[in-house]
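Quick look at model_22.cif (mmCIF, C-alpha atoms, pLDDT in the B column; chains and numbers go by the auth columns):
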```
data_upload
loop_
_atom_site.group_PDB
_atom_site.id
_atom_site.type_symbol
_atom_site.label_atom_id
_atom_site.label_comp_id
_atom_site.label_asym_id
_atom_site.label_seq_id
_atom_site.Cartn_x
_atom_site.Cartn_y
_atom_site.Cartn_z
_atom_site.B_iso_or_equiv
_atom_site.auth_seq_id
_atom_site.auth_asym_id
ATOM 1 C CA MET A 1 0.000 0.000 0.000 91.00 1 W
ATOM 2 C CA LYS A 2 1.362 3.416 -0.945 94.00 2 W
ATOM 3 C CA ILE A 3 1.178 5.989 1.857 95.00 3 W
ATOM 4 C CA VAL A 4 1.570 9.597 0.714 97.00 4 W
ATOM 5 C CA PRO A 5 1.841 12.449 3.227 97.00 5 W
ATOM 6 C CA VAL A 6 0.071 15.683 2.322 96.00 6 W
ATOM 7 C CA ILE A 7 1.507 19.194 2.475 96.00 7 W
ATOM 8 C CA ASP A 8 -0.967 22.038 1.907 95.00 8 W
ATOM 9 C CA LEU A 9 0.753 25.324 0.987 96.00 9 W
ATOM 10 C CA LYS A 10 -0.737 28.752 1.514 94.00 10 W
ATOM 11 C CA GLU A 11 1.186 32.040 1.482 92.00 11 W
ATOM 12 C CA GLY A 12 4.505 30.252 1.874 93.00 12 W
ATOM 13 C CA HIS A 13 3.461 28.158 4.887 95.00 13 W
ATOM 14 C CA VAL A 14 2.278 24.623 5.397 96.00 14 W
ATOM 15 C CA VAL A 15 -1.272 24.950 6.723 94.00 15 W
ATOM 16 C CA ALA A 16 -3.560 22.639 8.673 83.00 16 W
ATOM 17 C CA ALA A 17 -6.432 21.595 6.423 79.00 17 W
ATOM 18 C CA HIS A 18 -9.881 21.113 7.925 76.00 18 W
ATOM 19 C CA LEU A 19 -13.108 20.132 6.147 70.00 19 W
ATOM 20 C CA GLY A 20 -12.072 21.854 2.918 65.00 20 W
ATOM 21 C CA GLN A 21 -12.703 25.311 4.455 69.00 21 W
ATOM 22 C CA ARG A 22 -9.569 26.826 2.930 73.00 22 W
ATOM 23 C CA GLU A 23 -10.255 30.417 3.959 73.00 23 W
ATOM 24 C CA SER A 24 -9.760 29.398 7.595 67.00 24 W
ATOM 25 C CA TYR A 25 -6.606 27.294 7.172 81.00 25 W
ATOM 26 C CA ALA A 26 -3.871 28.471 9.571 86.00 26 W
ATOM 27 C CA PRO A 27 -0.129 27.691 9.643 88.00 27 W
ATOM 28 C CA LEU A 28 0.511 24.145 10.788 90.00 28 W
ATOM 29 C CA ASN A 29 1.327 23.560 14.450 89.00 29 W
ATOM 30 C CA THR A 30 2.828 20.092 14.669 94.00 30 W
ATOM 31 C CA PRO A 31 4.872 18.203 17.251 94.00 31 W
ATOM 32 C CA LEU A 32 7.006 16.866 14.415 94.00 32 W
ATOM 33 C CA CYS A 33 8.851 20.179 14.035 94.00 33 W
ATOM 34 C CA ARG A 34 8.823 23.770 15.275 93.00 34 W
ATOM 35 C CA SER A 35 8.122 25.405 11.946 95.00 35 W
ATOM 36 C CA SER A 36 5.429 25.642 9.284 96.00 36 W
ATOM 37 C CA ALA A 37 8.061 26.234 6.566 97.00 37 W
ATOM 38 C CA PRO A 38 7.614 23.704 3.740 97.00 38 W
ATOM 39 C CA LEU A 39 11.167 22.362 3.764 97.00 39 W
ATOM 40 C CA GLN A 40 11.199 21.886 7.534 97.00 40 W
ATOM 41 C CA VAL A 41 7.847 20.082 7.546 97.00 41 W
ATOM 42 C CA ALA A 42 8.897 17.855 4.644 97.00 42 W
ATOM 43 C CA THR A 43 12.164 17.040 6.417 97.00 43 W
ATOM 44 C CA ALA A 44 10.307 16.153 9.621 96.00 44 W
ATOM 45 C CA LEU A 45 8.059 13.740 7.731 96.00 45 W
ATOM 46 C CA LEU A 46 10.780 12.167 5.620 96.00 46 W
ATOM 47 C CA THR A 47 13.173 11.586 8.518 94.00 47 W
ATOM 48 C CA ARG A 48 10.509 9.795 10.581 91.00 48 W
ATOM 49 C CA PHE A 49 8.883 7.669 7.889 92.00 49 W
ATOM 50 C CA PRO A 50 10.265 5.953 4.734 91.00 50 W
ATOM 51 C CA PHE A 51 8.001 7.811 2.312 95.00 51 W
ATOM 52 C CA ASP A 52 8.991 8.070 -1.349 96.00 52 W
ATOM 53 C CA THR A 53 6.285 10.536 -2.423 97.00 53 W
ATOM 54 C CA LEU A 54 4.772 13.785 -1.157 98.00 54 W
ATOM 55 C CA TYR A 55 1.396 15.154 -2.231 98.00 55 W
ATOM 56 C CA ILE A 56 1.358 18.943 -2.298 97.00 56 W
ATOM 57 C CA ALA A 57 -1.624 21.217 -2.827 96.00 57 W
ATOM 58 C CA ASP A 58 -0.663 24.751 -3.825 96.00 58 W
ATOM 59 C CA LEU A 59 -3.787 26.381 -2.434 95.00 59 W
ATOM 60 C CA ASP A 60 -2.835 29.848 -3.648 94.00 60 W
ATOM 61 C CA ALA A 61 -2.508 28.615 -7.230 94.00 61 W
ATOM 62 C CA ILE A 62 -5.740 26.614 -6.959 94.00 62 W
ATOM 63 C CA SER A 63 -7.630 29.705 -5.773 92.00 63 W
ATOM 64 C CA GLY A 64 -5.934 32.020 -8.277 91.00 64 W
ATOM 65 C CA ALA A 65 -4.320 34.055 -5.478 89.00 65 W
ATOM 66 C CA GLY A 66 -0.667 33.409 -6.297 93.00 66 W
ATOM 67 C CA SER A 67 1.824 30.574 -6.417 95.00 67 W
ATOM 68 C CA ASN A 68 4.152 28.590 -4.183 96.00 68 W
ATOM 69 C CA PHE A 69 6.304 27.354 -7.041 96.00 69 W
ATOM 70 C CA ASP A 70 9.520 28.584 -5.406 96.00 70 W
ATOM 71 C CA SER A 71 8.775 26.366 -2.405 97.00 71 W
ATOM 72 C CA LEU A 72 8.070 23.425 -4.704 97.00 72 W
ATOM 73 C CA ARG A 73 11.318 23.960 -6.556 97.00 73 W
ATOM 74 C CA ALA A 74 13.231 24.154 -3.262 97.00 74 W
ATOM 75 C CA LEU A 75 11.693 20.878 -2.111 98.00 75 W
ATOM 76 C CA HIS A 76 12.633 19.193 -5.375 98.00 76 W
ATOM 77 C CA ARG A 77 16.209 20.446 -5.190 98.00 77 W
ATOM 78 C CA HIS A 78 16.611 19.343 -1.581 97.00 78 W
ATOM 79 C CA TYR A 79 14.944 15.947 -2.082 97.00 79 W
ATOM 80 C CA PRO A 80 15.464 15.025 -5.752 97.00 80 W
ATOM 81 C CA HIS A 81 14.817 11.330 -4.991 96.00 81 W
ATOM 82 C CA ILE A 82 11.329 12.079 -3.596 97.00 82 W
ATOM 83 C CA THR A 83 8.455 12.177 -6.075 98.00 83 W
ATOM 84 C CA LEU A 84 6.173 15.196 -5.765 98.00 84 W
ATOM 85 C CA TRP A 85 2.513 14.907 -6.703 98.00 85 W
ATOM 86 C CA VAL A 86 1.296 18.489 -7.066 98.00 86 W
ATOM 87 C CA ASP A 87 -2.157 19.985 -7.550 97.00 87 W
ATOM 88 C CA ASN A 88 -1.753 23.639 -8.529 96.00 88 W
ATOM 89 C CA GLY A 89 -5.101 24.131 -10.198 95.00 89 W
ATOM 90 C CA GLY A 90 -3.759 23.288 -13.653 91.00 90 W
ATOM 91 C CA VAL A 91 -1.555 26.398 -13.773 87.00 91 W
ATOM 92 C CA GLU A 92 1.659 26.234 -15.850 87.00 92 W
ATOM 93 C CA LEU A 93 1.777 22.454 -15.901 93.00 93 W
ATOM 94 C CA LYS A 94 4.643 22.416 -18.397 91.00 94 W
ATOM 95 C CA GLN A 95 6.846 24.179 -15.848 94.00 95 W
ATOM 96 C CA LEU A 96 5.513 22.041 -13.018 96.00 96 W
ATOM 97 C CA SER A 97 6.145 18.793 -14.922 96.00 97 W
ATOM 98 C CA ALA A 98 9.890 19.466 -14.828 95.00 98 W
ATOM 99 C CA ILE A 99 9.925 18.897 -11.056 97.00 99 W
ATOM 100 C CA ALA A 100 6.723 17.030 -10.202 97.00 100 W
ATOM 101 C CA ARG A 101 3.962 14.738 -11.367 97.00 101 W
ATOM 102 C CA PRO A 102 0.938 16.976 -11.900 97.00 102 W
ATOM 103 C CA VAL A 103 -2.409 16.255 -10.279 98.00 103 W
ATOM 104 C CA ILE A 104 -5.454 17.434 -12.217 97.00 104 W
ATOM 105 C CA GLY A 105 -8.063 18.399 -9.636 97.00 105 W
ATOM 106 C CA SER A 106 -11.602 18.108 -10.947 97.00 106 W
ATOM 107 C CA GLU A 107 -12.743 21.101 -8.866 96.00 107 W
ATOM 108 C CA SER A 108 -10.436 23.374 -10.897 96.00 108 W
ATOM 109 C CA LEU A 109 -11.792 22.335 -14.295 97.00 109 W
ATOM 110 C CA GLY A 110 -14.090 24.681 -16.161 95.00 110 W
ATOM 111 C CA GLY A 111 -15.389 21.868 -18.335 97.00 111 W
ATOM 112 C CA LEU A 112 -14.544 18.554 -19.918 97.00 112 W
ATOM 113 C CA SER A 113 -12.505 20.264 -22.635 97.00 113 W
ATOM 114 C CA ASP A 114 -10.127 21.595 -19.963 96.00 114 W
ATOM 115 C CA TYR A 115 -9.556 18.069 -18.736 97.00 115 W
ATOM 116 C CA THR A 116 -8.960 16.552 -22.171 96.00 116 W
ATOM 117 C CA ARG A 117 -6.522 19.349 -23.022 96.00 117 W
ATOM 118 C CA LEU A 118 -4.509 18.869 -19.830 96.00 118 W
ATOM 119 C CA ARG A 119 -4.514 15.079 -20.105 95.00 119 W
ATOM 120 C CA SER A 120 -3.378 15.243 -23.720 95.00 120 W
ATOM 121 C CA ALA A 121 -0.480 17.521 -22.817 95.00 121 W
ATOM 122 C CA HIS A 122 0.412 15.641 -19.611 95.00 122 W
ATOM 123 C CA PRO A 123 -0.482 11.947 -19.970 95.00 123 W
ATOM 124 C CA SER A 124 1.341 11.010 -16.743 95.00 124 W
ATOM 125 C CA ALA A 125 -0.868 13.290 -14.625 97.00 125 W
ATOM 126 C CA LEU A 126 -3.015 11.860 -11.857 97.00 126 W
ATOM 127 C CA LEU A 127 -6.698 12.739 -11.622 98.00 127 W
ATOM 128 C CA SER A 128 -8.197 13.914 -8.351 98.00 128 W
ATOM 129 C CA LEU A 129 -11.949 13.348 -8.273 98.00 129 W
ATOM 130 C CA ASP A 130 -13.024 15.981 -5.752 97.00 130 W
ATOM 131 C CA PHE A 131 -16.117 15.632 -3.590 97.00 131 W
ATOM 132 C CA HIS A 132 -17.736 17.723 -0.864 92.00 132 W
ATOM 133 C CA GLU A 133 -19.927 15.328 1.058 86.00 133 W
ATOM 134 C CA ARG A 134 -21.299 13.285 -1.874 88.00 134 W
ATOM 135 C CA GLU A 135 -21.446 16.215 -4.295 95.00 135 W
ATOM 136 C CA PHE A 136 -18.938 15.947 -7.128 97.00 136 W
ATOM 137 C CA ARG A 137 -16.963 19.099 -7.807 96.00 137 W
ATOM 138 C CA GLY A 138 -16.073 19.024 -11.468 97.00 138 W
ATOM 139 C CA PRO A 139 -17.554 18.432 -14.920 98.00 139 W
ATOM 140 C CA PRO A 140 -20.395 15.873 -14.590 98.00 140 W
ATOM 141 C CA ALA A 141 -19.333 14.236 -17.856 97.00 141 W
ATOM 142 C CA LEU A 142 -15.943 13.427 -16.332 98.00 142 W
ATOM 143 C CA LEU A 143 -17.450 11.560 -13.403 98.00 143 W
ATOM 144 C CA ALA A 144 -19.922 9.800 -15.687 97.00 144 W
ATOM 145 C CA ASN A 145 -17.273 8.375 -18.015 97.00 145 W
ATOM 146 C CA PRO A 146 -14.599 6.249 -16.285 97.00 146 W
ATOM 147 C CA ARG A 147 -12.989 5.595 -19.668 96.00 147 W
ATOM 148 C CA LEU A 148 -11.612 9.133 -19.454 97.00 148 W
ATOM 149 C CA TRP A 149 -9.906 8.470 -16.133 97.00 149 W
ATOM 150 C CA PRO A 150 -6.173 7.706 -16.030 97.00 150 W
ATOM 151 C CA GLU A 151 -4.677 4.680 -14.324 96.00 151 W
ATOM 152 C CA ALA A 152 -4.017 6.612 -11.103 97.00 152 W
ATOM 153 C CA ILE A 153 -6.981 8.297 -9.394 98.00 153 W
ATOM 154 C CA ILE A 154 -7.331 10.134 -6.086 98.00 154 W
ATOM 155 C CA ALA A 155 -10.739 10.105 -4.403 98.00 155 W
ATOM 156 C CA MET A 156 -10.594 13.433 -2.542 96.00 156 W
ATOM 157 C CA THR A 157 -13.373 13.857 0.028 95.00 157 W
ATOM 158 C CA LEU A 158 -12.810 17.498 0.934 91.00 158 W
ATOM 159 C CA SER A 159 -15.487 17.594 3.626 90.00 159 W
ATOM 160 C CA ARG A 160 -13.703 14.856 5.608 93.00 160 W
ATOM 161 C CA ILE A 161 -10.208 16.349 5.581 90.00 161 W
ATOM 162 C CA GLY A 162 -8.887 16.787 9.116 83.00 162 W
ATOM 163 C CA SER A 163 -12.034 15.220 10.566 85.00 163 W
ATOM 164 C CA ASP A 164 -12.747 12.181 12.725 82.00 164 W
ATOM 165 C CA ARG A 165 -15.332 10.791 10.331 89.00 165 W
ATOM 166 C CA GLY A 166 -13.161 8.195 8.665 94.00 166 W
ATOM 167 C CA PRO A 167 -12.790 7.639 4.924 96.00 167 W
ATOM 168 C CA ASP A 168 -15.886 7.436 2.745 96.00 168 W
ATOM 169 C CA LEU A 169 -15.842 3.686 2.175 96.00 169 W
ATOM 170 C CA THR A 170 -19.061 3.739 0.134 96.00 170 W
ATOM 171 C CA LEU A 171 -17.645 6.258 -2.321 97.00 171 W
ATOM 172 C CA LEU A 172 -14.366 4.372 -2.587 97.00 172 W
ATOM 173 C CA THR A 173 -16.208 1.117 -3.268 97.00 173 W
ATOM 174 C CA GLU A 174 -18.289 2.766 -5.991 97.00 174 W
ATOM 175 C CA LEU A 175 -15.296 4.369 -7.722 97.00 175 W
ATOM 176 C CA SER A 176 -13.237 1.196 -7.512 96.00 176 W
ATOM 177 C CA ALA A 177 -16.056 -0.816 -9.092 96.00 177 W
ATOM 178 C CA ARG A 178 -16.407 1.650 -11.939 96.00 178 W
ATOM 179 C CA LYS A 179 -12.751 1.295 -12.976 95.00 179 W
ATOM 180 C CA PRO A 180 -11.391 -1.859 -11.331 94.00 180 W
ATOM 181 C CA ALA A 181 -8.028 -1.730 -13.113 89.00 181 W
ATOM 182 C CA SER A 182 -7.171 1.694 -11.707 93.00 182 W
ATOM 183 C CA SER A 183 -4.902 2.535 -8.814 96.00 183 W
ATOM 184 C CA LEU A 184 -7.255 4.292 -6.407 98.00 184 W
ATOM 185 C CA TYR A 185 -5.917 6.494 -3.614 98.00 185 W
ATOM 186 C CA ALA A 186 -8.120 7.527 -0.693 98.00 186 W
ATOM 187 C CA ALA A 187 -7.876 11.066 0.675 97.00 187 W
ATOM 188 C CA GLY A 188 -9.811 12.631 3.531 94.00 188 W
ATOM 189 C CA GLY A 189 -10.845 11.429 6.970 93.00 189 W
ATOM 190 C CA ILE A 190 -8.293 8.653 7.520 96.00 190 W
ATOM 191 C CA ARG A 191 -7.823 8.499 11.289 95.00 191 W
ATOM 192 C CA ASN A 192 -5.808 5.535 12.471 94.00 192 W
ATOM 193 C CA ARG A 193 -4.342 2.067 11.944 93.00 193 W
ATOM 194 C CA ASN A 194 -7.797 0.472 11.648 95.00 194 W
ATOM 195 C CA ASP A 195 -8.744 2.767 8.775 96.00 195 W
ATOM 196 C CA LEU A 196 -5.504 1.892 6.982 95.00 196 W
ATOM 197 C CA HIS A 197 -6.080 -1.836 7.370 94.00 197 W
ATOM 198 C CA ASN A 198 -9.708 -1.525 6.222 96.00 198 W
ATOM 199 C CA LEU A 199 -8.586 0.315 3.080 96.00 199 W
ATOM 200 C CA ASN A 200 -5.870 -2.232 2.464 95.00 200 W
ATOM 201 C CA ARG A 201 -8.361 -5.099 2.750 95.00 201 W
ATOM 202 C CA MET A 202 -10.622 -3.321 0.253 95.00 202 W
ATOM 203 C CA GLY A 203 -7.801 -3.309 -2.278 95.00 203 W
ATOM 204 C CA ILE A 204 -7.286 0.459 -2.201 97.00 204 W
ATOM 205 C CA SER A 205 -3.868 1.134 -3.719 96.00 205 W
ATOM 206 C CA GLY A 206 -2.867 3.854 -1.288 96.00 206 W
ATOM 207 C CA CYS A 207 -3.925 6.829 0.753 96.00 207 W
ATOM 208 C CA LEU A 208 -3.064 10.442 1.433 97.00 208 W
ATOM 209 C CA LEU A 209 -2.438 11.402 5.059 95.00 209 W
ATOM 210 C CA ALA A 210 -1.835 14.600 7.004 93.00 210 W
ATOM 211 C CA SER A 211 -3.700 15.201 10.275 92.00 211 W
ATOM 212 C CA ALA A 212 -3.298 11.643 11.596 93.00 212 W
ATOM 213 C CA LEU A 213 0.468 11.829 11.087 94.00 213 W
ATOM 214 C CA HIS A 214 0.795 15.151 12.904 94.00 214 W
ATOM 215 C CA ARG A 215 -1.479 14.030 15.751 92.00 215 W
ATOM 216 C CA GLY A 216 0.541 10.851 16.148 93.00 216 W
ATOM 217 C CA ASP A 217 -2.521 8.645 15.593 93.00 217 W
ATOM 218 C CA ILE A 218 -0.641 6.991 12.746 93.00 218 W
ATOM 219 C CA ASP A 219 3.002 6.335 13.596 91.00 219 W
ATOM 220 C CA SER A 220 5.777 4.088 12.361 89.00 220 W
ATOM 221 C CA ALA A 221 4.251 1.092 14.123 87.00 221 W
ATOM 222 C CA ALA A 222 0.909 1.657 12.385 87.00 222 W
ATOM 223 C CA LEU A 223 2.627 1.877 9.007 88.00 223 W
ATOM 224 C CA ASN A 224 4.746 -1.206 9.569 83.00 224 W
ATOM 225 C CA GLY A 225 3.876 -3.840 6.987 78.00 225 W
ATOM 226 C CA LEU A 226 1.719 -1.472 4.942 83.00 226 W
ATOM 227 C CA LEU A 227 4.261 0.774 3.264 77.00 227 W
ATOM 228 C CA THR A 228 5.449 -0.381 -0.138 68.00 228 W
ATOM 229 C CA PRO A 229 9.242 -0.325 -0.636 61.00 229 W
ATOM 230 C CA ARG A 230 10.660 2.841 -2.110 60.00 230 W
ATOM 231 C CA SER A 231 10.683 2.695 -5.883 58.00 231 W
ATOM 232 C CA PRO A 232 10.571 5.156 -8.791 61.00 232 W
ATOM 233 C CA ASP A 233 7.127 6.554 -9.563 76.00 233 W
ATOM 234 C CA PRO A 234 6.182 5.263 -13.046 63.00 234 W
ATOM 235 C CA GLY A 235 4.478 8.558 -13.789 71.00 235 W
ATOM 236 C CA THR A 236 7.560 10.744 -13.358 60.00 236 W
ATOM 237 C CA THR A 237 9.663 11.912 -16.246 46.00 237 W
ATOM 238 C CA GLY A 238 12.951 12.245 -14.380 44.00 238 W
ATOM 239 C CA THR A 239 13.532 15.705 -15.832 42.00 239 W
ATOM 240 C CA LYS A 240 15.252 18.466 -13.911 38.00 240 W
ATOM 241 C CA PRO A 241 14.452 22.159 -13.773 38.00 241 W
#
```

Go ahead and render the structure in this file as structure tokens.
Amino acid sequence: MKIVPVIDLKEGHVVAAHLGQRESYAPLNTPLCRSSAPLQVATALLTRFPFDTLYIADLDAISGAGSNFDSLRALHRHYPHITLWVDNGGVELKQLSAIARPVIGSESLGGLSDYTRLRSAHPSALLSLDFHEREFRGPPALLANPRLWPEAIIAMTLSRIGSDRGPDLTLLTELSARKPASSLYAAGGIRNRNDLHNLNRMGISGCLLASALHRGDIDSAALNGLLTPRSPDPGTTGTKP
């Protein structure tokens, strides 16, 4: 099972995500380190756990309020062996692809044509199917046609991020059944070791974690036996900036 820690960037800081209410996100306060600076938080995560990938949401780029590309580039330069999965709202993906594997977030798409254009230009990109509660945020035609989905899909339940509600197992089951050959990653609401083992038993390929890592509810012991060995991400190009 692939475990991918999440770093949400806003105004140069790593922020604590909660329920998808991005306007209220504040700089991260974590026992893992004494800073909310992206490099320090990434270092704290990577020195405690054998992760090979980081998921990063550039919330400023997603909202159209700016960019944290300098922070992304610094992370890539400091940890060139770590794969970065980055959702930046589909902004300047050619530049982003030099240092990261892009994530196309459905909530940022104006229509299906936006998706087909981005996928054509960046065939290695992951797709994040974004939901708030059970409401899909994105072009309805994209959700309705699994043939358009890539091999790697993130099921992002925004309304469960940072919550104690657990992952949306019903949604994950439905999405997995609609494209059984895909690698499906769960994101939002994952609380503890039991949630991880339930997802693993369901055949979920991996999950994205943040709050549970910083709270200590998921530690090295909980990850033992679940983490896949470090290996190159098949979706990366290996290019340098």

What does the PyMOL selection byres ((chain W and resi 72) around 9) select in this file, as a list in words?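 Evaluating the PyMOL selection byres ((chain W and resi 72) around 9) on these coordinates yields Pro38, Ile56, Asp58, Asn68, Phe69, Asp70, Ser71, Arg73, Ala74, Leu75, His76, Arg77, Leu84, Val86, Leu96, Ile99 and Ala100 of chain W.
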
Applied to the shown file, which residues does the PyMOL selection byres ((chain W and resi 216) around 12) return, written as a list in words?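 For this structure, the PyMOL selection byres ((chain W and resi 216) around 12) captures Thr30, Pro31, Leu32, Leu45, Arg48, Arg191, Asn192, Arg193, Leu209, Ala210, Ser211, Ala212, Leu213, His214, Arg215, Asp217, Ile218, Asp219, Ser220, Ala221, Ala222 and Leu223 of chain W.
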
Between CA of Val91 in chain W and CA of Pro146 in chain W, distance in Å (one decimal): 24.1 Å

What does the distance between CA of Arg201 in chain W and CA of Val103 in chain W come to in Å, to one decimal place? 25.7 Å

Given only C-alpha atoms, how would the per-residue table for range 25-100 of chain W near range 149-160 of chain W read, listing every residue at most 12 Å away with its closest atom pair and distance in Å to one decimal, sorted by chain and number, as CSV?
```
residue,atom,partner,partner_atom,distance
W:Tyr55,CA,W:Ile154,CA,10.8
W:Ala57,CA,W:Met156,CA,11.9
W:Trp85,CA,W:Ile154,CA,11.0
W:Asp87,CA,W:Ile154,CA,11.2
```
